[in-house]
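Structure file upload_1.csv; described as CSV, C-alpha atoms and all ligand atoms.
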chain,number,residue,atom,x,y,z
A,2,MET,CA,-2.8,13.3,2.0
A,3,LEU,CA,0.3,11.3,3.1
A,4,SER,CA,3.6,11.8,1.4
A,5,PRO,CA,7.1,10.7,2.3
A,6,ASP,CA,7.5,14.1,3.9
A,7,GLY,CA,4.5,13.6,6.2
A,8,GLY,CA,0.8,14.6,6.1
A,9,GLN,CA,-0.6,17.6,4.3
A,10,THR,CA,-4.0,19.0,3.5
A,11,VAL,CA,-4.5,19.2,-0.2
A,12,ASP,CA,-6.8,18.8,-3.1
A,13,ILE,CA,-6.0,16.1,-5.7
A,14,LEU,CA,-7.2,16.6,-9.2
A,15,ILE,CA,-7.6,13.3,-11.2
A,16,GLU,CA,-8.2,13.4,-15.0
A,17,ASN,CA,-8.7,10.3,-17.0
A,18,GLY,CA,-7.4,8.3,-14.1
A,19,ARG,CA,-4.2,10.2,-13.9
A,20,ILE,CA,-3.2,12.6,-11.1
A,21,VAL,CA,-2.8,16.0,-12.9
A,22,SER,CA,-2.6,18.2,-9.9
A,23,ILE,CA,-1.9,18.1,-6.1
A,24,GLY,CA,-2.0,21.3,-4.1
A,25,PRO,CA,-3.8,23.5,-1.6
A,26,ALA,CA,-7.4,24.5,-2.5
A,27,LEU,CA,-7.4,23.8,-6.2
A,28,SER,CA,-10.3,25.6,-7.9
A,29,ASN,CA,-13.0,23.4,-9.3
A,30,ASP,CA,-15.3,25.1,-11.7
A,31,ALA,CA,-17.6,22.1,-11.5
A,32,LEU,CA,-15.8,20.5,-14.5
A,33,TYR,CA,-15.1,17.4,-12.4
A,34,PRO,CA,-17.2,15.5,-9.9
A,35,GLU,CA,-15.9,16.2,-6.4
A,36,PHE,CA,-15.2,13.8,-3.6
A,37,ASP,CA,-15.1,15.5,-0.2
A,38,ALA,CA,-12.4,13.7,1.8
A,39,THR,CA,-12.3,16.3,4.6
A,40,GLY,CA,-10.9,14.6,7.8
A,41,CYS,CA,-9.8,11.5,5.9
A,42,TRP,CA,-6.4,10.0,5.2
A,43,VAL,CA,-5.4,9.7,1.5
A,44,GLY,CA,-2.6,7.3,0.7
A,45,PRO,CA,-1.5,4.4,-1.5
A,46,GLY,CA,-4.1,1.7,-2.0
A,47,PHE,CA,-3.8,-1.3,0.4
A,48,VAL,CA,-1.8,-4.4,-0.6
A,49,ASP,CA,-2.6,-7.8,0.9
A,50,ILE,CA,0.2,-10.3,0.6
A,51,HIS,CA,-1.9,-13.2,2.0
A,52,THR,CA,-5.3,-13.7,0.3
A,53,HIS,CA,-7.0,-17.0,-0.4
A,54,LEU,CA,-9.0,-16.3,-3.6
A,55,ARG,CA,-9.9,-20.1,-3.9
A,56,GLU,CA,-9.8,-20.1,-7.7
A,57,PRO,CA,-9.1,-22.5,-9.4
A,58,GLY,CA,-10.9,-25.4,-7.7
A,59,HIS,CA,-12.9,-24.0,-4.8
A,60,GLU,CA,-15.0,-21.4,-6.5
A,61,TYR,CA,-18.0,-22.2,-4.3
A,62,LYS,CA,-16.1,-20.5,-1.4
A,63,GLU,CA,-14.7,-17.6,-3.3
A,64,ASP,CA,-13.5,-16.8,-6.8
A,65,ILE,CA,-11.3,-14.1,-8.3
A,66,LYS,CA,-14.2,-11.9,-9.1
A,67,SER,CA,-15.9,-12.0,-5.7
A,68,GLY,CA,-12.5,-11.8,-3.9
A,69,SER,CA,-11.6,-8.8,-6.1
A,70,GLN,CA,-14.8,-7.1,-5.1
A,71,ALA,CA,-14.2,-7.7,-1.4
A,72,ALA,CA,-10.7,-6.3,-1.9
A,73,ALA,CA,-11.9,-3.2,-3.6
A,74,LEU,CA,-14.5,-2.5,-0.9
A,75,GLY,CA,-11.7,-3.0,1.7
A,76,GLY,CA,-9.5,-0.4,0.1
A,77,TYR,CA,-7.1,-2.8,-1.7
A,78,THR,CA,-5.6,-2.2,-5.1
A,79,ALA,CA,-3.5,-5.4,-5.2
A,80,VAL,CA,-3.4,-8.8,-3.5
A,81,VAL,CA,-1.1,-11.9,-3.5
A,82,ALA,CA,-3.3,-15.0,-4.2
A,83,MET,CA,-2.2,-18.0,-2.2
A,84,PRO,CA,-1.4,-21.1,-4.2
A,85,ASN,CA,-3.3,-23.7,-2.2
A,86,THR,CA,-5.8,-24.0,-5.0
A,87,MET,CA,-6.9,-27.1,-6.9
A,88,PRO,CA,-4.6,-27.6,-8.8
A,89,ALA,CA,-2.0,-25.7,-6.8
A,90,ILE,CA,-0.2,-22.8,-8.4
A,91,ASP,CA,3.0,-24.7,-9.0
A,92,SER,CA,3.6,-24.0,-12.7
A,93,GLY,CA,3.7,-21.0,-14.9
A,94,HIS,CA,0.5,-22.1,-16.7
A,95,ILE,CA,-1.7,-21.9,-13.6
A,96,ALA,CA,0.0,-18.7,-12.4
A,97,ARG,CA,-0.7,-17.0,-15.7
A,98,LEU,CA,-4.4,-18.1,-15.6
A,99,VAL,CA,-4.8,-16.6,-12.1
A,100,ALA,CA,-3.1,-13.3,-13.1
A,101,ALA,CA,-5.1,-13.1,-16.3
A,102,ARG,CA,-8.4,-13.7,-14.6
A,103,GLY,CA,-7.5,-10.9,-12.2
A,104,ARG,CA,-6.8,-8.5,-15.1
A,105,GLU,CA,-10.1,-9.5,-16.7
A,106,VAL,CA,-12.1,-8.7,-13.6
A,107,GLY,CA,-10.0,-5.5,-13.5
A,108,LEU,CA,-10.6,-4.3,-9.9
A,109,ILE,CA,-7.2,-5.1,-8.4
A,110,GLU,CA,-3.9,-6.5,-9.4
A,111,VAL,CA,-3.8,-10.2,-8.6
A,112,GLN,CA,-0.2,-11.5,-8.2
A,113,PRO,CA,-0.2,-15.3,-8.0
A,114,ALA,CA,2.0,-16.6,-5.2
A,115,GLY,CA,3.9,-19.7,-6.4
A,116,ALA,CA,4.0,-22.9,-4.5
A,117,VAL,CA,7.5,-23.8,-3.2
A,118,THR,CA,7.1,-27.5,-3.9
A,119,LEU,CA,5.2,-29.5,-6.6
A,120,GLY,CA,1.6,-29.9,-5.7
A,121,ARG,CA,2.5,-28.4,-2.3
A,122,GLN,CA,3.5,-31.9,-1.4
A,123,GLY,CA,6.8,-30.9,0.2
A,124,ASN,CA,8.9,-33.4,-1.8
A,125,GLU,CA,10.5,-31.5,-4.7
A,126,LEU,CA,10.7,-27.9,-5.8
A,127,ALA,CA,7.9,-26.5,-8.0
A,128,HIS,CA,8.6,-25.0,-11.5
A,129,LEU,CA,10.1,-21.9,-9.9
A,130,ASP,CA,11.6,-20.3,-13.0
A,131,GLU,CA,8.2,-20.6,-14.8
A,132,LEU,CA,6.4,-19.1,-11.8
A,133,TRP,CA,8.9,-16.2,-11.6
A,134,GLU,CA,8.4,-15.6,-15.4
A,135,ALA,CA,4.6,-15.6,-14.8
A,136,GLY,CA,4.9,-12.9,-12.1
A,137,SER,CA,5.2,-14.8,-8.8
A,138,ARG,CA,7.4,-13.0,-6.3
A,139,ILE,CA,6.2,-14.6,-3.1
A,140,PHE,CA,6.6,-18.4,-2.9
A,141,THR,CA,4.9,-20.4,-0.3
A,142,ASP,CA,3.2,-23.8,0.4
A,143,ASP,CA,0.8,-21.9,2.7
A,144,GLY,CA,-1.6,-24.2,4.5
A,145,ASP,CA,1.4,-26.3,5.1
A,146,PRO,CA,5.0,-25.5,6.0
A,147,VAL,CA,8.1,-26.4,4.0
A,148,ALA,CA,9.0,-29.0,6.6
A,149,ASP,CA,12.2,-30.5,5.2
A,150,SER,CA,15.2,-28.3,6.2
A,151,GLY,CA,17.3,-29.4,3.2
A,152,LEU,CA,14.5,-28.6,0.8
A,153,MET,CA,13.9,-25.3,2.5
A,154,ARG,CA,17.6,-24.4,2.1
A,155,GLN,CA,17.4,-25.3,-1.6
A,156,ALA,CA,14.3,-23.2,-2.0
A,157,LEU,CA,15.8,-20.2,-0.3
A,158,GLU,CA,18.9,-20.3,-2.5
A,159,TYR,CA,16.9,-20.8,-5.7
A,160,ILE,CA,14.1,-18.3,-5.0
A,161,GLY,CA,16.5,-15.8,-3.4
A,162,ASP,CA,18.7,-15.8,-6.6
A,163,LEU,CA,15.6,-15.2,-8.7
A,164,GLY,CA,14.8,-12.1,-6.6
A,165,GLY,CA,11.8,-13.5,-4.8
A,166,VAL,CA,11.0,-14.4,-1.2
A,167,VAL,CA,9.9,-17.6,0.5
A,168,SER,CA,6.9,-17.0,2.8
A,169,GLN,CA,6.7,-19.6,5.5
A,170,HIS,CA,3.6,-21.0,7.2
A,171,CYS,CA,5.2,-21.8,10.5
A,172,GLU,CA,3.9,-25.1,11.9
A,173,ASP,CA,5.6,-28.1,13.3
A,174,LYS,CA,3.0,-30.7,12.5
A,175,GLY,CA,4.4,-33.1,15.1
A,176,LEU,CA,3.2,-30.6,17.7
A,177,SER,CA,0.0,-29.3,16.0
A,178,ARG,CA,-1.4,-32.7,14.9
A,179,GLY,CA,-5.0,-33.1,16.2
A,180,GLY,CA,-5.1,-29.6,17.7
A,181,HIS,CA,-8.0,-27.2,17.2
A,182,MET,CA,-7.0,-24.2,19.3
A,183,HIS,CA,-4.2,-22.7,21.5
A,184,GLU,CA,-2.9,-25.1,24.0
A,185,GLY,CA,-3.4,-23.5,27.4
A,186,SER,CA,-5.9,-23.0,30.3
A,187,VAL,CA,-8.9,-22.4,28.0
A,188,SER,CA,-8.3,-25.6,25.9
A,189,SER,CA,-7.9,-27.5,29.2
A,190,LEU,CA,-11.1,-26.1,30.5
A,191,LEU,CA,-13.0,-26.9,27.3
A,192,GLY,CA,-11.4,-30.3,26.9
A,193,ILE,CA,-10.3,-29.4,23.3
A,194,ARG,CA,-6.9,-30.6,22.1
A,195,GLY,CA,-4.5,-27.7,21.7
A,196,ILE,CA,-1.6,-26.5,19.6
A,197,PRO,CA,1.3,-25.1,21.6
A,198,PRO,CA,3.1,-21.9,20.5
A,199,ALA,CA,6.3,-23.9,20.2
A,200,SER,CA,4.7,-25.4,17.0
A,201,GLU,CA,5.3,-21.9,15.4
A,202,ASP,CA,8.4,-20.9,17.4
A,203,ILE,CA,10.4,-24.0,16.3
A,204,VAL,CA,9.9,-23.3,12.6
A,205,VAL,CA,10.6,-19.5,13.0
A,206,ALA,CA,13.9,-20.4,14.8
A,207,ARG,CA,14.9,-22.9,12.2
A,208,ASP,CA,14.2,-20.6,9.3
A,209,ILE,CA,16.1,-17.8,10.9
A,210,ALA,CA,19.0,-20.1,11.0
A,211,LEU,CA,18.6,-21.0,7.3
A,212,SER,CA,18.1,-17.4,6.3
A,213,GLU,CA,21.3,-16.5,8.2
A,214,MET,CA,23.2,-19.4,6.7
A,215,THR,CA,22.1,-18.7,3.1
A,216,ASP,CA,21.8,-14.9,3.4
A,217,ARG,CA,18.5,-15.2,1.6
A,218,PRO,CA,15.2,-13.6,2.7
A,219,VAL,CA,12.5,-15.4,4.6
A,220,HIS,CA,9.0,-13.9,5.3
A,221,PHE,CA,7.0,-15.3,8.2
A,222,GLN,CA,3.3,-15.6,7.7
A,223,HIS,CA,0.5,-14.9,10.2
A,224,LEU,CA,2.5,-14.8,13.5
A,225,SER,CA,0.6,-15.8,16.6
A,226,SER,CA,3.1,-16.2,19.3
A,227,ALA,CA,5.0,-13.5,21.4
A,228,ARG,CA,8.0,-15.8,21.5
A,229,SER,CA,8.2,-15.8,17.7
A,230,VAL,CA,8.3,-12.0,17.7
A,231,GLU,CA,11.2,-12.1,20.2
A,232,LEU,CA,13.1,-14.5,17.9
A,233,ILE,CA,12.6,-12.3,14.9
A,234,ALA,CA,13.6,-9.1,16.8
A,235,ASP,CA,16.8,-10.8,17.8
A,236,ALA,CA,17.5,-12.0,14.2
A,237,ARG,CA,16.9,-8.5,12.8
A,238,LEU,CA,19.3,-7.0,15.2
A,239,ARG,CA,21.9,-9.3,13.7
A,240,GLY,CA,20.9,-8.3,10.2
A,241,VAL,CA,19.3,-11.5,9.2
A,242,PRO,CA,17.0,-10.7,6.2
A,243,VAL,CA,13.7,-11.8,7.7
A,244,THR,CA,10.3,-10.0,7.5
A,245,ALA,CA,7.0,-10.9,9.1
A,246,GLU,CA,3.2,-10.3,9.0
A,247,VAL,CA,0.4,-10.4,11.5
A,248,THR,CA,-3.3,-10.8,10.8
A,249,PRO,CA,-6.1,-8.4,12.0
A,250,HIS,CA,-7.7,-11.3,14.0
A,251,HIS,CA,-4.5,-12.1,15.9
A,252,LEU,CA,-4.3,-8.4,16.8
A,253,MET,CA,-7.9,-8.2,18.1
A,254,PHE,CA,-8.8,-11.5,19.6
A,255,THR,CA,-7.5,-14.1,22.1
A,256,ASP,CA,-8.6,-17.7,23.0
A,257,LYS,CA,-11.0,-16.2,25.5
A,258,GLU,CA,-13.4,-15.7,22.6
A,259,ILE,CA,-13.6,-19.5,22.3
A,260,GLU,CA,-14.2,-19.9,26.1
A,261,ALA,CA,-17.2,-17.6,25.7
A,262,GLY,CA,-19.0,-20.0,23.3
A,263,THR,CA,-16.8,-22.2,21.1
A,264,ASP,CA,-17.9,-20.3,18.0
A,265,PRO,CA,-16.1,-21.6,14.9
A,266,ALA,CA,-15.9,-18.0,13.7
A,267,PHE,CA,-12.9,-17.9,16.0
A,268,LYS,CA,-11.3,-21.1,14.7
A,269,MET,CA,-8.2,-20.4,12.6
A,270,HIS,CA,-4.7,-21.6,11.9
A,271,PRO,CA,-2.5,-20.6,13.7
A,272,PRO,CA,-5.0,-20.3,16.6
A,273,LEU,CA,-5.8,-17.2,18.6
A,274,ARG,CA,-3.5,-17.3,21.6
A,275,THR,CA,-3.3,-15.5,25.0
A,276,GLU,CA,-3.5,-11.8,25.9
A,277,SER,CA,0.3,-11.7,26.4
A,278,ASP,CA,0.8,-13.1,22.9
A,279,ARG,CA,-1.6,-10.5,21.5
A,280,GLN,CA,0.3,-7.8,23.3
A,281,GLY,CA,3.6,-9.2,21.9
A,282,LEU,CA,2.2,-9.0,18.4
A,283,ILE,CA,1.0,-5.4,18.9
A,284,GLU,CA,4.4,-4.3,20.3
A,285,GLY,CA,6.1,-6.2,17.4
A,286,LEU,CA,4.1,-4.3,14.8
A,287,ARG,CA,4.5,-0.9,16.6
A,288,HIS,CA,8.3,-1.4,16.8
A,289,GLY,CA,8.8,-2.6,13.2
A,290,VAL,CA,9.7,-6.2,14.2
A,291,ILE,CA,6.6,-7.2,12.3
A,292,ASP,CA,6.5,-5.3,9.0
A,293,VAL,CA,3.0,-5.6,7.7
A,294,VAL,CA,-0.6,-6.6,8.3
A,295,ALA,CA,-1.9,-9.4,6.0
A,296,THR,CA,-5.4,-10.7,6.1
A,297,ASP,CA,-5.1,-14.4,5.6
A,298,HIS,CA,-8.6,-13.9,4.0
A,299,ALA,CA,-9.8,-17.5,4.1
A,300,PRO,CA,-13.4,-17.9,2.8
A,301,HIS,CA,-15.4,-21.0,3.9
A,302,VAL,CA,-19.0,-21.7,3.3
A,303,THR,CA,-21.5,-22.1,6.1
A,304,ALA,CA,-21.6,-25.9,5.8
A,305,ASP,CA,-17.9,-25.9,6.8
A,306,LYS,CA,-18.2,-23.5,9.6
A,307,GLU,CA,-21.6,-24.0,11.3
A,308,VAL,CA,-20.7,-27.3,12.8
A,309,PRO,CA,-19.2,-28.3,16.1
A,310,PHE,CA,-15.9,-26.4,16.8
A,311,GLU,CA,-13.7,-29.5,16.4
A,312,GLU,CA,-15.1,-30.3,13.0
A,313,ALA,CA,-15.1,-26.7,11.6
A,314,ALA,CA,-12.7,-25.5,8.9
A,315,ASN,CA,-9.9,-23.1,9.9
A,316,GLY,CA,-9.9,-19.5,8.8
A,317,VAL,CA,-11.9,-16.2,8.6
A,318,ILE,CA,-12.5,-13.7,5.8
A,319,GLY,CA,-10.9,-10.3,6.3
A,320,LEU,CA,-10.4,-8.2,3.2
A,321,GLU,CA,-13.5,-5.9,3.9
A,322,THR,CA,-12.7,-5.3,7.6
A,323,ALA,CA,-8.9,-5.4,7.9
A,324,ALA,CA,-8.2,-1.7,7.8
A,325,ALA,CA,-10.9,-0.9,10.3
A,326,VAL,CA,-9.7,-3.6,12.7
A,327,VAL,CA,-6.1,-2.4,12.5
A,328,ASN,CA,-7.3,1.2,13.1
A,329,THR,CA,-9.6,0.1,16.0
A,330,VAL,CA,-7.0,-1.9,17.8
A,331,LEU,CA,-3.9,0.2,17.3
A,332,GLN,CA,-5.1,3.7,16.6
A,333,PRO,CA,-2.0,4.3,14.5
A,334,ASP,CA,-0.9,7.6,12.9
A,335,ALA,CA,-1.3,7.8,9.1
A,336,ALA,CA,2.4,7.0,8.4
A,337,GLU,CA,2.3,3.8,10.5
A,338,PHE,CA,-1.0,2.8,9.0
A,339,PHE,CA,0.0,3.1,5.4
A,340,SER,CA,3.4,1.5,6.1
A,341,TRP,CA,1.6,-1.6,7.5
A,342,MET,CA,-1.2,-1.7,4.9
A,343,SER,CA,0.4,-0.4,1.6
A,344,THR,CA,4.1,0.4,1.3
A,345,GLY,CA,5.4,-2.4,3.4
A,346,PRO,CA,3.4,-5.2,1.8
A,347,ALA,CA,4.1,-3.8,-1.7
A,348,GLY,CA,7.8,-3.9,-0.9
A,349,ILE,CA,7.7,-7.6,0.2
A,350,ALA,CA,5.7,-8.6,-2.9
A,351,ARG,CA,8.1,-6.6,-5.1
A,352,MET,CA,5.2,-4.7,-6.6
A,353,ALA,CA,6.5,-1.7,-8.5
A,354,ASN,CA,3.1,-0.2,-9.2
A,355,HIS,CA,1.7,-0.3,-5.7
A,356,GLY,CA,2.5,1.2,-2.4
A,357,ARG,CA,3.5,4.5,-4.0
A,358,TYR,CA,2.3,7.8,-2.6
A,359,PRO,CA,-0.1,9.7,-4.8
A,360,THR,CA,2.2,11.6,-7.2
A,361,HIS,CA,1.6,14.2,-9.9
A,362,GLY,CA,1.5,12.5,-13.4
A,363,GLU,CA,0.9,9.0,-12.2
A,364,LEU,CA,-2.2,6.8,-12.5
A,365,ALA,CA,-4.2,7.2,-9.4
A,366,ASN,CA,-3.9,4.1,-7.1
A,367,LEU,CA,-5.2,5.4,-3.8
A,368,VAL,CA,-7.5,4.9,-0.9
A,369,VAL,CA,-9.5,7.5,1.1
A,370,PHE,CA,-9.8,6.2,4.7
A,371,ASP,CA,-11.8,8.0,7.5
A,372,PRO,CA,-10.0,7.1,10.7
A,373,ASN,CA,-13.0,8.3,12.8
A,374,ALA,CA,-16.0,6.8,11.1
A,375,ARG,CA,-17.8,4.1,13.1
A,376,TRP,CA,-19.6,1.2,11.5
A,377,ILE,CA,-20.8,-2.3,12.1
A,378,PRO,CA,-19.9,-5.0,9.5
A,379,GLY,CA,-22.9,-7.1,8.5
A,380,THR,CA,-22.9,-8.0,4.8
A,381,TYR,CA,-20.0,-8.9,2.6
A,382,ALA,CA,-19.1,-9.0,-1.1
A,383,SER,CA,-17.2,-12.2,-0.4
A,384,LYS,CA,-19.0,-15.4,-1.3
A,385,SER,CA,-18.4,-16.5,2.3
A,386,THR,CA,-19.5,-14.9,5.5
A,387,ASN,CA,-17.2,-16.5,8.0
A,388,SER,CA,-16.2,-13.3,9.8
A,389,PRO,CA,-15.6,-12.9,13.5
A,390,TYR,CA,-16.3,-9.1,13.2
A,391,THR,CA,-20.0,-9.3,12.2
A,392,GLY,CA,-22.0,-7.1,14.6
A,393,LEU,CA,-19.0,-5.5,16.3
A,394,THR,CA,-18.5,-1.7,16.1
A,395,LEU,CA,-15.3,-0.8,14.3
A,396,THR,CA,-13.7,2.6,14.0
A,397,GLY,CA,-12.3,3.6,10.6
A,398,LYS,CA,-13.9,3.1,7.2
A,399,VAL,CA,-12.7,3.0,3.6
A,400,ARG,CA,-14.7,5.6,1.7
A,401,LEU,CA,-13.1,5.5,-1.8
A,402,THR,CA,-10.8,3.2,-3.6
A,403,VAL,CA,-9.1,4.2,-6.9
A,404,SER,CA,-7.3,1.3,-8.5
A,405,MET,CA,-5.0,1.8,-11.6
A,406,GLY,CA,-6.9,5.0,-12.4
A,407,ARG,CA,-10.4,3.6,-12.0
A,408,THR,CA,-12.8,4.2,-9.1
A,409,THR,CA,-13.5,0.7,-7.8
A,410,SER,CA,-15.5,1.4,-4.6
A,411,SER,CA,-17.1,4.5,-3.2
A,412,GLU,CA,-18.9,4.8,0.2
A,413,GLY,CA,-19.2,1.1,0.6
A,414,GLN,CA,-20.5,0.3,-2.9
A,415,LEU,CA,-18.7,-1.1,-5.9
A,416,THR,CA,-18.6,1.3,-8.8
B,1,ZN,ZN,-1.0,-20.4,6.7

Using structure tokens, write down the structure that the file contains.
Amino acid sequence: MLSPDGGQTVDILIENGRIVSIGPALSNDALYPEFDATGCWVGPGFVDIHTHLREPGHEYKEDIKSGSQAAALGGYTAVVAMPNTMPAIDSGHIARLVAARGREVGLIEVQPAGAVTLGRQGNELAHLDELWEAGSRIFTDDGDPVADSGLMRQALEYIGDLGGVVSQHCEDKGLSRGGHMHEGSVSSLLGIRGIPPASEDIVVARDIALSEMTDRPVHFQHLSSARSVELIADARLRGVPVTAEVTPHHLMFTDKEIEAGTDPAFKMHPPLRTESDRQGLIEGLRHGVIDVVATDHAPHVTADKEVPFEEAANGVIGLETAAAVVNTVLQPDAAEFFSWMSTGPAGIARMANHGRYPTHGELANLVVFDPNARWIPGTYASKSTNSPYTGLTLTGKVRLTVSMGRTTSSEGQLT
């Protein structure tokens, strides 16, 4: 088990969902069913601060129930649901509906992210007080950037004063317009219009300036460019309150995957970039410039994906494979792993009940992860199957998830 003091080998006794004892070799007189976690890591349940649950409005791709099931299988006990739904989560009313539906399903905590602007239109601020009251802590127009610098400044001041954080989808649309993949030698070879890394870097640089000017936090979503990592490293050295996330797919793949067969499973926004970008992201995560891994779980049905590359929708699913991909690519130690997957994200989302190490007397909210188990993803609880990992051998498997005192998945099955 992982604790703030480091790893230790212990037995954990859970009674009525509560941890009643943690210690070496507790005796079990067969009063309780036993789960043998020998060789596994036990730590706080994972928290994903970037999930598209698609409800309300696009339930044919995913809904809060199927997304919660995917999350439970992936070791998650909480997710932040992105607000690019129909209607957008831009008022307290919609945010409360999403959170309540999450509680009704009861597998994970669903924290609704609030839109920064009304309807995600980028023109005027959303009902931020209401959203805060309804439980939103992360505010974003994800899918689109907050493009107007003056409006972004206002949003930072308002949301920062509430105690929340603006989470930015970094894209200069003047540079990305019409693009389908990273702009570079592979896009030239394929004759597909590209998106240069500067599309991301420009917004990262601008928002660092705004964060520094207002002294309010900014979180950067799904980084793809090594230059963005350098900009953030420099800002953090100066004490600018910025944080950042990276997705499993940007850690594992590059645009070479598209050269090999223009498979829309590798089409996402921001796009997969070069090997030097991928190495920059890996180093950024290892050195704490990037704080957390977030899935950007983006379900799309087959009809939106099994079409020519340029017509395909952007995004991949990720909840059920994220931990395994991170472990496969980075081979982290347990402390790094849980800081990227659990404690770091819970901190950014201001989630008091998640990202806490298993502690005597508390409701069990934990995951058992075997860092050595090998498996091949093939079927998913998600309604959509747009995964780039299907058929690949991954190392590391979630064996048990206990969410708010209740076992939600065990050995790859929902319970
Ligand atoms: Zn985005």

Could you give me, as JSON lines, a per-residue list for range 18-102 of chain A showing, wherever an atom lies at most 9 Å from an atom of range 345-362 of chain A, the closest pair of atoms and their distance in Å to one decimal, using all atoms listed in the file and sorting by chain then residue number from low to high?
{"residue": "A:Arg19", "atom": "CA", "partner": "A:Gly362", "partner_atom": "CA", "distance": 6.2}
{"residue": "A:Ile20", "atom": "CA", "partner": "A:His361", "partner_atom": "CA", "distance": 5.2}
{"residue": "A:Val21", "atom": "CA", "partner": "A:Gly362", "partner_atom": "CA", "distance": 5.6}
{"residue": "A:Ser22", "atom": "CA", "partner": "A:His361", "partner_atom": "CA", "distance": 5.8}
{"residue": "A:Ile23", "atom": "CA", "partner": "A:His361", "partner_atom": "CA", "distance": 6.5}
{"residue": "A:Val43", "atom": "CA", "partner": "A:Pro359", "partner_atom": "CA", "distance": 8.2}
{"residue": "A:Gly44", "atom": "CA", "partner": "A:Tyr358", "partner_atom": "CA", "distance": 5.9}
{"residue": "A:Pro45", "atom": "CA", "partner": "A:Gly356", "partner_atom": "CA", "distance": 5.2}
{"residue": "A:Gly46", "atom": "CA", "partner": "A:Gly356", "partner_atom": "CA", "distance": 6.6}
{"residue": "A:Phe47", "atom": "CA", "partner": "A:Gly356", "partner_atom": "CA", "distance": 7.3}
{"residue": "A:Val48", "atom": "CA", "partner": "A:Pro346", "partner_atom": "CA", "distance": 5.8}
{"residue": "A:Asp49", "atom": "CA", "partner": "A:Pro346", "partner_atom": "CA", "distance": 6.6}
{"residue": "A:Ile50", "atom": "CA", "partner": "A:Pro346", "partner_atom": "CA", "distance": 6.1}
{"residue": "A:Thr78", "atom": "CA", "partner": "A:His355", "partner_atom": "CA", "distance": 7.6}
{"residue": "A:Ala79", "atom": "CA", "partner": "A:His355", "partner_atom": "CA", "distance": 7.3}
{"residue": "A:Val81", "atom": "CA", "partner": "A:Ala350", "partner_atom": "CA", "distance": 7.6}

| query | Hey, what's within 6 Å of range 189-199 of chain A if we count all atoms listed in the file and toss same-chain stuff fewer than 4 positions away? As a ChimeraX atom specification, please? | reply | /A:177,180-184,203,226

| request: Using only C-alpha atoms and all ligand atoms, find each residue with an atom at most 7 Å away from ligand ZN 1 (chain B) and format the answer as JSON, numbers by chain. | output: {"A": [143, 144, 145, 170, 222, 223, 270]}

| said: Taking 3 positions as the minimum chain separation for residues in the same chain, which residues sit within 7 Å of range 312-328 of chain A when counting all atoms listed in the file? Answer as a VMD selection string. | reply: chain A and resid 71 to 72 74 to 75 249 265 to 266 268 to 270 296 298 to 300 305 to 306 308 to 309 331 to 333 372 387 to 389 395 to 398

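Note that CA of Leu132 in chain A and CA of Ser92 in chain A are 5.7 Å apart.
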
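As for CA of Ala73 in chain A and CA of Ser404 in chain A, they are spaced 8.1 Å apart.
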
| said: Here is a test: counting all atoms listed in the file, which residue of A:Val230, A:Ala374, A:Val11, A:Ala382 is nearest to Asp37 in chain A? | reply: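 Smallest separation from Asp37 in chain A among the options: A:Val11.
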
| task | Find the residues near Pro378 in chain A: any atom within 8 Å, counting only C-alpha atoms, skip ones fewer than 3 places away on the same chain, and give them as a PyMOL selection string. | result | chain A and resi 322+381+390-395

| said: To one decimal place in Å, what is the distance between CA of Phe140 in chain A and CA of Val204 in chain A? | reply: 16.6 Å

| Pick the closest to Arg55 in chain A from A:Cys171, A:Val117, A:Met405, A:Val99: which is it, counting all atoms listed in the file? |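 When distances to Arg55 in chain A are compared using all atoms listed in the file, the smallest one comes from A:Val99.
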
| said: From the options A:His288, A:Arg104, A:His53, A:His251, which residue's atoms come nearest to Ala82 in chain A, counting all atoms listed in the file? | reply: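 For Ala82 in chain A, the nearest of the given residues is A:His53.
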
| request: Kindly indicate which residue among A:Thr248, A:Met342, A:Thr39, A:Asp292 lies nearest to Val369 in chain A, using only C-alpha atoms for the distances. | output: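 Comparing A:Thr248, A:Met342, A:Thr39, A:Asp292 against Val369 in chain A, the winner is A:Thr39.
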
| message | I'd like the neighbourhood of Leu54 in chain A as a list in words, where a residue qualifies if any of its atoms comes within 7 Å (using only C-alpha atoms), though same-chain residues fewer than 6 positions away should be ignored. | response |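 That gives Glu63, Asp64, Ile65, Gly68 and Ala82 of chain A.
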
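Residues lying within 12 Å of (18.6, -25.3, -2.3). Counted over all atoms listed in the file, they are Val117, Thr118, Glu125, Leu126, Leu129, Asp149, Ser150, Gly151, Leu152, Met153, Arg154, Gln155, Ala156, Leu157, Glu158, Tyr159, Ile160, Gly161, Asp162, Val167, Leu211, Ser212, Met214, Thr215 and Arg217 of chain A.
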
| message | Please determine, counting all atoms listed in the file, which residue among A:Thr10, A:Thr244, A:Gln122, A:Gln414 has the shortest atom-to-atom distance to Gln169 in chain A. | response | A:Thr244

| task | Extract, using all atoms listed in the file, all DNA, RNA and protein residues at most 9 Å from Lys174 in chain A, discarding same-chain residues fewer than 4 positions from it, and format them as a list in words. | result |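 The residues that qualify are Asp145, Pro146, Ala148, Arg178 and Ser200 of chain A.
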